[in-house]
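Chemist: Just input15.tsv, nothing more (TSV, C-alpha atoms and all ligand atoms):
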chain	number	residue	atom	x	y	z
C	20	MET	CA	-25.78	33.17	51.49
C	21	LYS	CA	-25.71	32.26	47.80
C	22	VAL	CA	-24.10	29.07	46.54
C	23	LEU	CA	-22.78	28.74	43.00
C	24	VAL	CA	-22.69	25.23	41.58
C	25	PRO	CA	-20.97	24.53	38.24
C	26	VAL	CA	-22.63	21.67	36.34
C	27	LYS	CA	-20.79	20.18	33.37
C	28	ARG	CA	-22.48	18.40	30.48
C	29	VAL	CA	-20.52	15.22	29.85
C	30	ILE	CA	-21.01	11.86	28.12
C	31	ASP	CA	-23.33	9.82	30.35
C	32	TYR	CA	-21.36	7.52	32.67
C	33	ASN	CA	-23.23	4.46	31.34
C	34	VAL	CA	-22.15	5.03	27.74
C	35	LYS	CA	-19.26	3.01	26.35
C	36	VAL	CA	-17.03	5.78	25.03
C	37	ARG	CA	-15.66	5.29	21.50
C	38	VAL	CA	-12.52	6.87	20.12
C	39	LYS	CA	-12.85	8.60	16.73
C	40	PRO	CA	-11.10	6.65	13.93
C	41	ASP	CA	-8.63	9.53	13.34
C	42	GLY	CA	-7.59	9.53	17.04
C	43	SER	CA	-8.48	13.22	17.43
C	44	GLY	CA	-10.89	12.65	20.33
C	45	VAL	CA	-13.97	10.65	21.34
C	46	GLU	CA	-17.31	10.35	19.56
C	47	THR	CA	-19.90	12.74	21.00
C	48	GLN	CA	-22.39	12.65	18.10
C	49	ASN	CA	-25.62	10.78	18.92
C	50	VAL	CA	-24.30	9.94	22.38
C	51	LYS	CA	-26.34	10.38	25.56
C	52	MET	CA	-25.10	13.35	27.56
C	53	SER	CA	-25.82	13.97	31.26
C	54	MET	CA	-24.72	16.06	34.20
C	55	ASN	CA	-21.27	15.14	35.51
C	56	PRO	CA	-22.00	12.80	38.47
C	57	PHE	CA	-19.92	14.82	40.96
C	58	ASP	CA	-21.90	17.92	39.98
C	59	GLU	CA	-25.16	16.12	40.80
C	60	ILE	CA	-23.70	15.57	44.26
C	61	SER	CA	-22.82	19.29	44.50
C	62	VAL	CA	-26.34	20.37	43.47
C	63	GLU	CA	-27.84	17.96	46.02
C	64	GLU	CA	-25.63	19.37	48.78
C	65	ALA	CA	-26.48	22.98	47.90
C	66	VAL	CA	-30.21	22.18	47.80
C	67	ARG	CA	-29.98	20.40	51.18
C	68	MET	CA	-28.27	23.50	52.61
C	69	LYS	CA	-31.13	25.62	51.27
C	70	GLU	CA	-33.68	23.24	52.78
C	71	ALA	CA	-31.83	23.49	56.10
C	72	GLY	CA	-32.09	27.30	55.95
C	73	VAL	CA	-28.32	27.85	55.69
C	74	VAL	CA	-28.46	29.04	52.07
C	75	ASP	CA	-30.85	31.49	50.39
C	76	GLU	CA	-30.18	30.87	46.73
C	77	VAL	CA	-28.61	28.10	44.64
C	78	ILE	CA	-27.30	29.10	41.21
C	79	ALA	CA	-26.33	26.43	38.66
C	80	VAL	CA	-23.75	27.41	36.03
C	81	SER	CA	-22.79	25.51	32.92
C	82	ILE	CA	-20.14	26.46	30.40
C	83	GLY	CA	-20.78	24.84	27.06
C	84	PRO	CA	-22.99	24.75	23.97
C	85	GLN	CA	-26.69	25.64	23.86
C	86	GLN	CA	-27.53	22.03	24.89
C	87	ALA	CA	-25.79	22.63	28.24
C	88	GLN	CA	-29.02	24.44	29.11
C	89	GLU	CA	-30.58	20.95	29.55
C	90	THR	CA	-27.97	20.22	32.22
C	91	ILE	CA	-28.90	23.47	33.97
C	92	ARG	CA	-32.60	22.47	33.75
C	93	THR	CA	-31.76	19.21	35.50
C	94	ALA	CA	-30.13	21.19	38.34
C	95	LEU	CA	-33.19	23.47	38.49
C	96	ALA	CA	-35.46	20.40	38.67
C	97	MET	CA	-33.37	19.11	41.59
C	98	GLY	CA	-34.02	22.39	43.44
C	99	ALA	CA	-31.58	25.05	42.22
C	100	ASP	CA	-33.22	28.49	41.94
C	101	ARG	CA	-31.76	29.87	38.72
C	102	GLY	CA	-29.18	29.15	36.08
C	103	ILE	CA	-26.43	30.83	34.11
C	104	LEU	CA	-25.33	29.44	30.76
C	105	VAL	CA	-21.91	30.58	29.60
C	106	LYS	CA	-22.48	29.74	25.99
C	107	THR	CA	-19.58	28.58	23.86
C	108	ASP	CA	-18.98	25.97	21.19
C	109	ASP	CA	-15.30	25.80	22.20
C	110	ASN	CA	-14.21	23.02	24.50
C	111	LEU	CA	-12.92	25.05	27.43
C	112	GLU	CA	-9.98	23.76	29.47
C	113	PRO	CA	-10.08	23.92	33.30
C	114	LEU	CA	-8.17	27.24	33.47
C	115	ALA	CA	-10.64	28.97	31.14
C	116	VAL	CA	-13.58	27.43	33.06
C	117	ALA	CA	-12.01	28.64	36.33
C	118	LYS	CA	-11.67	32.17	34.89
C	119	CYS	CA	-15.37	32.14	33.89
C	120	LEU	CA	-16.31	30.96	37.39
C	121	LYS	CA	-14.14	33.68	38.96
C	122	ALA	CA	-15.86	36.35	36.84
C	123	LEU	CA	-19.29	35.02	37.87
C	124	ALA	CA	-18.27	34.77	41.54
C	125	ASP	CA	-17.04	38.40	41.44
C	126	LYS	CA	-20.48	39.41	40.13
C	127	GLU	CA	-22.72	37.18	42.24
C	128	GLU	CA	-20.64	37.20	45.45
C	129	PRO	CA	-21.64	33.74	46.70
C	130	GLY	CA	-20.42	32.46	50.05
C	131	MET	CA	-19.54	29.09	48.59
C	132	LEU	CA	-18.78	27.43	45.29
C	133	ILE	CA	-19.40	23.68	45.27
C	134	VAL	CA	-17.43	22.28	42.34
C	135	GLY	CA	-17.23	18.60	41.37
C	136	LYS	CA	-13.92	17.00	42.35
C	137	GLN	CA	-13.46	16.01	38.71
C	138	ALA	CA	-15.25	15.87	35.41
C	139	ILE	CA	-15.57	12.29	34.18
C	140	ASP	CA	-14.68	13.26	30.61
C	141	ASP	CA	-11.31	14.98	31.08
C	142	ASP	CA	-10.56	13.65	34.61
C	143	SER	CA	-8.57	16.84	35.21
C	144	ASN	CA	-9.40	17.51	38.87
C	145	GLN	CA	-8.17	21.09	38.39
C	146	THR	CA	-11.10	23.49	38.06
C	147	GLY	CA	-12.00	23.87	41.76
C	148	GLN	CA	-8.41	24.40	42.86
C	149	MET	CA	-7.70	26.89	40.05
C	150	THR	CA	-10.90	28.84	40.81
C	151	ALA	CA	-9.97	29.11	44.50
C	152	ALA	CA	-6.50	30.36	43.55
C	153	LEU	CA	-7.84	32.94	41.08
C	154	LEU	CA	-10.37	34.22	43.63
C	155	GLY	CA	-7.89	34.13	46.52
C	156	TRP	CA	-10.45	32.09	48.51
C	157	ALA	CA	-9.97	29.18	50.85
C	158	GLN	CA	-10.39	25.73	49.35
C	159	ALA	CA	-11.60	22.46	50.84
C	160	THR	CA	-11.21	19.65	48.33
C	161	PHE	CA	-12.69	16.09	48.23
C	162	ALA	CA	-15.43	16.90	50.74
C	163	SER	CA	-17.55	14.16	52.29
C	164	VAL	CA	-19.20	16.39	54.93
C	165	ILE	CA	-19.83	20.16	54.82
C	166	LYS	CA	-21.13	22.07	57.86
C	167	VAL	CA	-21.60	25.83	57.68
C	168	ASP	CA	-21.19	27.63	60.98
C	169	GLY	CA	-21.48	31.44	60.81
C	170	ASP	CA	-18.66	32.82	58.69
C	171	HIS	CA	-16.79	29.48	58.69
C	172	ALA	CA	-17.34	26.02	57.31
C	173	GLN	CA	-16.16	22.72	58.72
C	174	VAL	CA	-15.32	20.30	55.94
C	175	THR	CA	-14.41	16.64	56.24
C	176	ARG	CA	-12.06	15.63	53.43
C	177	GLU	CA	-11.35	12.22	51.99
C	178	VAL	CA	-7.58	11.85	52.23
C	179	ASP	CA	-5.33	8.84	51.60
C	180	GLY	CA	-5.17	7.64	55.17
C	181	GLY	CA	-8.84	8.28	56.08
C	182	LEU	CA	-10.73	11.46	56.86
C	183	GLU	CA	-9.42	14.92	57.66
C	184	THR	CA	-11.67	17.64	59.12
C	185	ILE	CA	-10.68	21.26	58.48
C	186	LYS	CA	-12.18	24.63	59.37
C	187	VAL	CA	-12.15	27.24	56.59
C	188	LYS	CA	-13.29	30.83	56.40
C	189	LEU	CA	-16.05	31.73	53.96
C	190	PRO	CA	-16.12	32.40	51.06
C	191	VAL	CA	-14.74	29.02	50.10
C	192	VAL	CA	-14.43	26.71	47.13
C	193	VAL	CA	-15.40	23.17	48.10
C	194	THR	CA	-15.00	20.19	45.77
C	195	SER	CA	-17.45	17.35	46.24
C	196	ASP	CA	-16.44	13.72	46.64
C	197	LEU	CA	-18.55	10.60	46.10
C	198	ARG	CA	-19.60	10.06	49.72
C	199	LEU	CA	-20.91	13.60	50.31
C	200	ASN	CA	-24.50	12.49	49.66
C	201	GLU	CA	-26.79	10.53	47.35
C	202	PRO	CA	-28.37	12.88	44.82
C	203	ARG	CA	-32.16	12.83	44.51
C	204	TYR	CA	-34.09	12.13	41.33
C	205	ALA	CA	-36.06	15.12	40.12
C	206	SER	CA	-39.81	14.54	40.48
C	207	LEU	CA	-42.13	15.23	37.55
C	208	PRO	CA	-43.76	18.28	39.22
C	209	ASN	CA	-40.29	19.70	39.89
C	210	ILE	CA	-39.24	19.07	36.28
C	211	MET	CA	-42.30	21.06	35.18
C	212	LYS	CA	-41.56	23.85	37.71
C	213	ALA	CA	-37.94	24.01	36.49
C	214	LYS	CA	-39.13	25.06	33.03
C	215	LYS	CA	-40.25	28.39	34.51
C	216	LYS	CA	-37.05	29.11	36.43
C	217	PRO	CA	-34.81	31.76	34.81
C	218	ILE	CA	-31.56	30.99	32.96
C	219	ASP	CA	-29.32	33.94	32.04
C	220	VAL	CA	-27.09	33.52	29.03
C	221	THR	CA	-23.62	35.04	28.74
C	222	SER	CA	-20.36	34.04	27.01
C	223	PRO	CA	-16.67	33.67	27.91
C	224	GLU	CA	-15.98	36.83	25.87
C	225	GLU	CA	-18.59	38.83	27.82
C	226	LEU	CA	-16.91	37.62	31.01
C	227	GLY	CA	-13.53	38.74	29.62
C	228	VAL	CA	-12.21	35.18	29.25
C	229	ASP	CA	-10.15	33.99	26.29
C	230	PRO	CA	-11.45	30.48	25.48
C	231	ALA	CA	-8.40	29.51	23.35
C	232	PRO	CA	-6.89	26.16	24.41
C	233	ARG	CA	-3.37	26.03	25.81
C	234	LEU	CA	-2.96	22.30	25.33
C	235	GLN	CA	-2.82	20.41	22.05
C	236	VAL	CA	-4.25	16.88	22.02
C	237	LEU	CA	-1.72	14.79	20.09
C	238	ASN	CA	-3.59	11.50	20.09
C	239	VAL	CA	-6.44	9.66	21.77
C	240	ALA	CA	-6.29	5.85	21.77
C	241	GLU	CA	-8.39	3.00	23.18
C	242	PRO	CA	-6.79	1.10	26.06
C	243	PRO	CA	-5.21	-2.19	24.92
C	244	LYS	CA	-7.74	-5.04	24.73
C	245	ARG	CA	-7.56	-7.37	27.71
C	246	ALA	CA	-6.61	-10.94	26.85
C	247	GLY	CA	-9.01	-13.62	28.09
C	248	GLY	CA	-8.10	-15.53	31.26
C	249	THR	CA	-7.64	-19.28	31.65
C	250	LYS	CA	-8.34	-21.74	34.46
C	251	VAL	CA	-5.41	-23.66	35.87
C	252	GLU	CA	-5.68	-27.24	37.17
C	253	ASP	CA	-3.47	-26.89	40.21
C	254	VAL	CA	-0.86	-24.76	41.97
C	255	ALA	CA	2.02	-26.37	40.08
C	256	GLN	CA	0.49	-25.29	36.77
C	257	LEU	CA	-0.13	-21.78	38.13
C	258	VAL	CA	3.52	-21.45	39.22
C	259	ASP	CA	4.67	-22.80	35.85
C	260	LYS	CA	2.53	-20.25	33.97
C	261	LEU	CA	3.68	-17.38	36.18
C	262	MET	CA	7.33	-18.37	35.58
C	263	ASN	CA	7.29	-19.31	31.93
C	264	GLU	CA	4.37	-17.45	30.33
C	265	ALA	CA	3.83	-14.28	32.37
C	266	LYS	CA	7.50	-14.31	33.45
C	267	VAL	CA	6.63	-12.49	36.67
C	268	ILE	CA	8.37	-14.81	39.15
I	301	LIG	P1	-12.20	19.10	35.97
I	301	LIG	O1	-11.24	20.02	36.66
I	301	LIG	O2	-12.26	19.32	34.47
I	301	LIG	O3	-11.98	17.64	36.33
I	301	LIG	O4	-13.67	19.49	36.47
I	301	LIG	C1	-13.98	19.59	37.84
I	301	LIG	C2	-15.31	20.28	38.03
I	301	LIG	O5	-15.26	21.59	37.47
I	301	LIG	C3	-16.54	19.65	37.39
I	301	LIG	O6	-17.06	18.60	38.20
I	301	LIG	C4	-17.49	20.84	37.33
I	301	LIG	O7	-18.05	21.10	38.61
I	301	LIG	C5	-16.54	21.99	37.00
I	301	LIG	N1	-16.50	22.19	35.54
I	301	LIG	C6	-15.50	21.85	34.70
I	301	LIG	N2	-15.81	22.19	33.42
I	301	LIG	C7	-17.05	22.76	33.47
I	301	LIG	C8	-17.96	23.30	32.50
I	301	LIG	N3	-17.63	23.35	31.21
I	301	LIG	N4	-19.15	23.77	32.92
I	301	LIG	C9	-19.49	23.73	34.23
I	301	LIG	N5	-18.68	23.23	35.19
I	301	LIG	C10	-17.48	22.75	34.82
Starting from the coordinates I provided, produce the structure as structure tokens.
Modeler:
Amino acid sequence: MKVLVPVKRVIDYNVKVRVKPDGSGVETQNVKMSMNPFDEISVEEAVRMKEAGVVDEVIAVSIGPQQAQETIRTALAMGADRGILVKTDDNLEPLAVAKCLKALADKEEPGMLIVGKQAIDDDSNQTGQMTAALLGWAQATFASVIKVDGDHAQVTREVDGGLETIKVKLPVVVTSDLRLNEPRYASLPNIMKAKKKPIDVTSPEELGVDPAPRLQVLNVAEPPKRAGGTKVEDVAQLVDKLMNEAKVI
């Protein structure tokens, strides 16, 4: 079985994101970019499945500019076998990404797509679900355990009240949640080996996908600055402040 893992190039989670002065978006120039953290978890899971003999090939896909190839290289260094770069300088929305993934899934015929539950830049949490719908496949979202058993998979999902375990028929789109695993660091020898692994390059147009956005960003603003706190002397002062300053009681 093949597994397809989309890996998005996003602003590194340690970077303090700055809004552009004209409010049209966030600064991405001279900012450290990395693989979306949920996608690292997906790559780790796919590689573990390969190590366990359940999966034959792990394919990492990124949709983005030429530099997204670095993100694919990271996945290859973690253990993915080959990459596909869907090259575009447009910022594709989840529906267009899902259409690209559907086109690739139609071609590659994987048994499973492991998509991140959300990208930390747009926080959409849409791509996996949309891809499953476009493909007409089962979906198992927010996975914290995945067990493949013949032509089915048993997936434990993180739901509001706790954990839910479902059985789904393959092929399936799974979205990875934080507790699925702890991704490995790529070792230096594996980083060197990854340089020789193949990366095919295609484009949304070649896959028959229109990359035009359907949403218009009206404004991006920083969250309001938090006011500093104060220490109160006693409960009476706390109650007084809550009543007269915060006016919450
Ligand atoms: P989102 O729906 O935007 O929150 O993204 C959810 C997941 O979809 C991400 O964690 C990735 O696995 C995948 N994804 C979204 N955009 C891209 C992209 N441009 N390239 C590769 N994967 C993507």
Chemist: So, counting all atoms listed in the file, which residue among C:Glu64, C:Asp58, C:Glu127, C:Glu177 is closest to C:Val29?
Modeler: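 Answer, going by the shortest atom-to-atom distance: C:Asp58.
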Chemist: Hey, which residues sit close to ligand LIG 301 (chain I)? Say within 8 Å, counting all atoms listed in the file, and write them as a PyMOL selection string.
Modeler: chain C and resi 24-28+55-58+61+80-83+110-113+116-117+133-147+194
Chemist: Please measure the separation of atom CA of C:Val36 and atom CA of C:Pro202, giving the value in Å to one decimal.
Modeler: 23.9 Å
Chemist: Show me a table, sorted first by chain and then by increasing residue number, of the residues of stretch 39-116 of chain C having an atom at most 12 Å from stretch 236-258 of chain C, each with its shortest atom pair and the distance in Å to one decimal, counting all atoms listed in the file and written as CSV.
Modeler:
residue,atom,partner,partner_atom,distance
C:Lys39,CA,C:Val239,CA,8.2
C:Pro40,CA,C:Ala240,CA,9.2
C:Asp41,CA,C:Asn238,CA,8.7
C:Gly42,CA,C:Val239,CA,4.9
C:Ser43,CA,C:Asn238,CA,5.8
C:Gly44,CA,C:Val239,CA,5.6
C:Val45,CA,C:Val239,CA,7.6
C:Glu46,CA,C:Val239,CA,11.1
C:Asn110,CA,C:Val236,CA,12.0
C:Glu112,CA,C:Val236,CA,11.6
Chemist: Go ahead and write the residues just picked, C-alpha atoms, as a PDB file, in the coordinates of the input.
Modeler:
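Result went into again_20.pdb, see below:
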ATOM      1  CA  LYS C  39     -12.850   8.600  16.730  1.00  0.00           C
ATOM      2  CA  PRO C  40     -11.100   6.650  13.930  1.00  0.00           C
ATOM      3  CA  ASP C  41      -8.630   9.530  13.340  1.00  0.00           C
ATOM      4  CA  GLY C  42      -7.590   9.530  17.040  1.00  0.00           C
ATOM      5  CA  SER C  43      -8.480  13.220  17.430  1.00  0.00           C
ATOM      6  CA  GLY C  44     -10.890  12.650  20.330  1.00  0.00           C
ATOM      7  CA  VAL C  45     -13.970  10.650  21.340  1.00  0.00           C
ATOM      8  CA  GLU C  46     -17.310  10.350  19.560  1.00  0.00           C
ATOM      9  CA  ASN C 110     -14.210  23.020  24.500  1.00  0.00           C
ATOM     10  CA  GLU C 112      -9.980  23.760  29.470  1.00  0.00           C
TER      11      GLU C 112
END
Chemist: For C:Leu132, which residue among C:Arg92, C:Lys118, C:Lys21, C:Lys260 is the nearest when counting all atoms listed in the file?
Modeler: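 Residue with the minimum atom-to-atom distance to C:Leu132: C:Lys21.
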Chemist: Let me make sure I understand: among C:Leu120, C:Leu226, C:Leu23, C:Ile78, which one has the smallest atom-to-atom distance to C:Ala152 if we use all atoms listed in the file?
Modeler: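 Of C:Leu120, C:Leu226, C:Leu23, C:Ile78, the one nearest C:Ala152, counting all atoms listed in the file, is C:Leu120.
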Chemist: Would you mind reading off the distance between atom CA of C:Ile185 and atom CA of C:Gln173, one decimal, in Å?
Modeler: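 So the two atoms, atom CA of C:Ile185 and atom CA of C:Gln173, lie 5.7 Å apart.
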Chemist: At a cut-off of 7 Å from (-14.1, 30.4, 52.5) in the coordinates of the file, what residues are picked up using all atoms listed in the file, written as a list in words?
Modeler: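 Nearby residues: Met131, Trp156, Ala157, Gln158, His171, Val187, Lys188, Leu189, Pro190, Val191 and Val192 of chain C.
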Chemist: So that I can see what lies close to C:Glu89, please list as a PyMOL selection string the residues with an atom at most 10 Å from it, counting only C-alpha atoms and leaving out residues fewer than 4 positions away in the same chain.
Modeler: chain C and resi 28+52-54+81+85+93-95
Chemist: Tell me, in Å to one decimal, how far atom CA of C:Leu114 is from atom CA of C:Asp219.
Modeler: 22.2 Å
Chemist: List as a PDB file with C-alpha atoms, in the coordinates of the input the protein and nucleic acid residues near C:Leu154, meaning an atom at most 7 Å away when only C-alpha atoms are counted, but skip any in the same chain fewer than 3 places from it.
Modeler:
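Listing of out.pdb after writing:
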ATOM      1  CA  LYS C 121     -14.140  33.680  38.960  1.00  0.00           C
ATOM      2  CA  THR C 150     -10.900  28.840  40.810  1.00  0.00           C
ATOM      3  CA  ALA C 151      -9.970  29.110  44.500  1.00  0.00           C
TER       4      ALA C 151
END
Chemist: So, counting all atoms listed in the file, which residue among C:Asp170, C:Asp108, C:Glu63, C:Glu70 is closest to C:Ala87?
Modeler: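 Going through C:Asp170, C:Asp108, C:Glu63, C:Glu70 one by one, the smallest distance to C:Ala87 is for C:Asp108.
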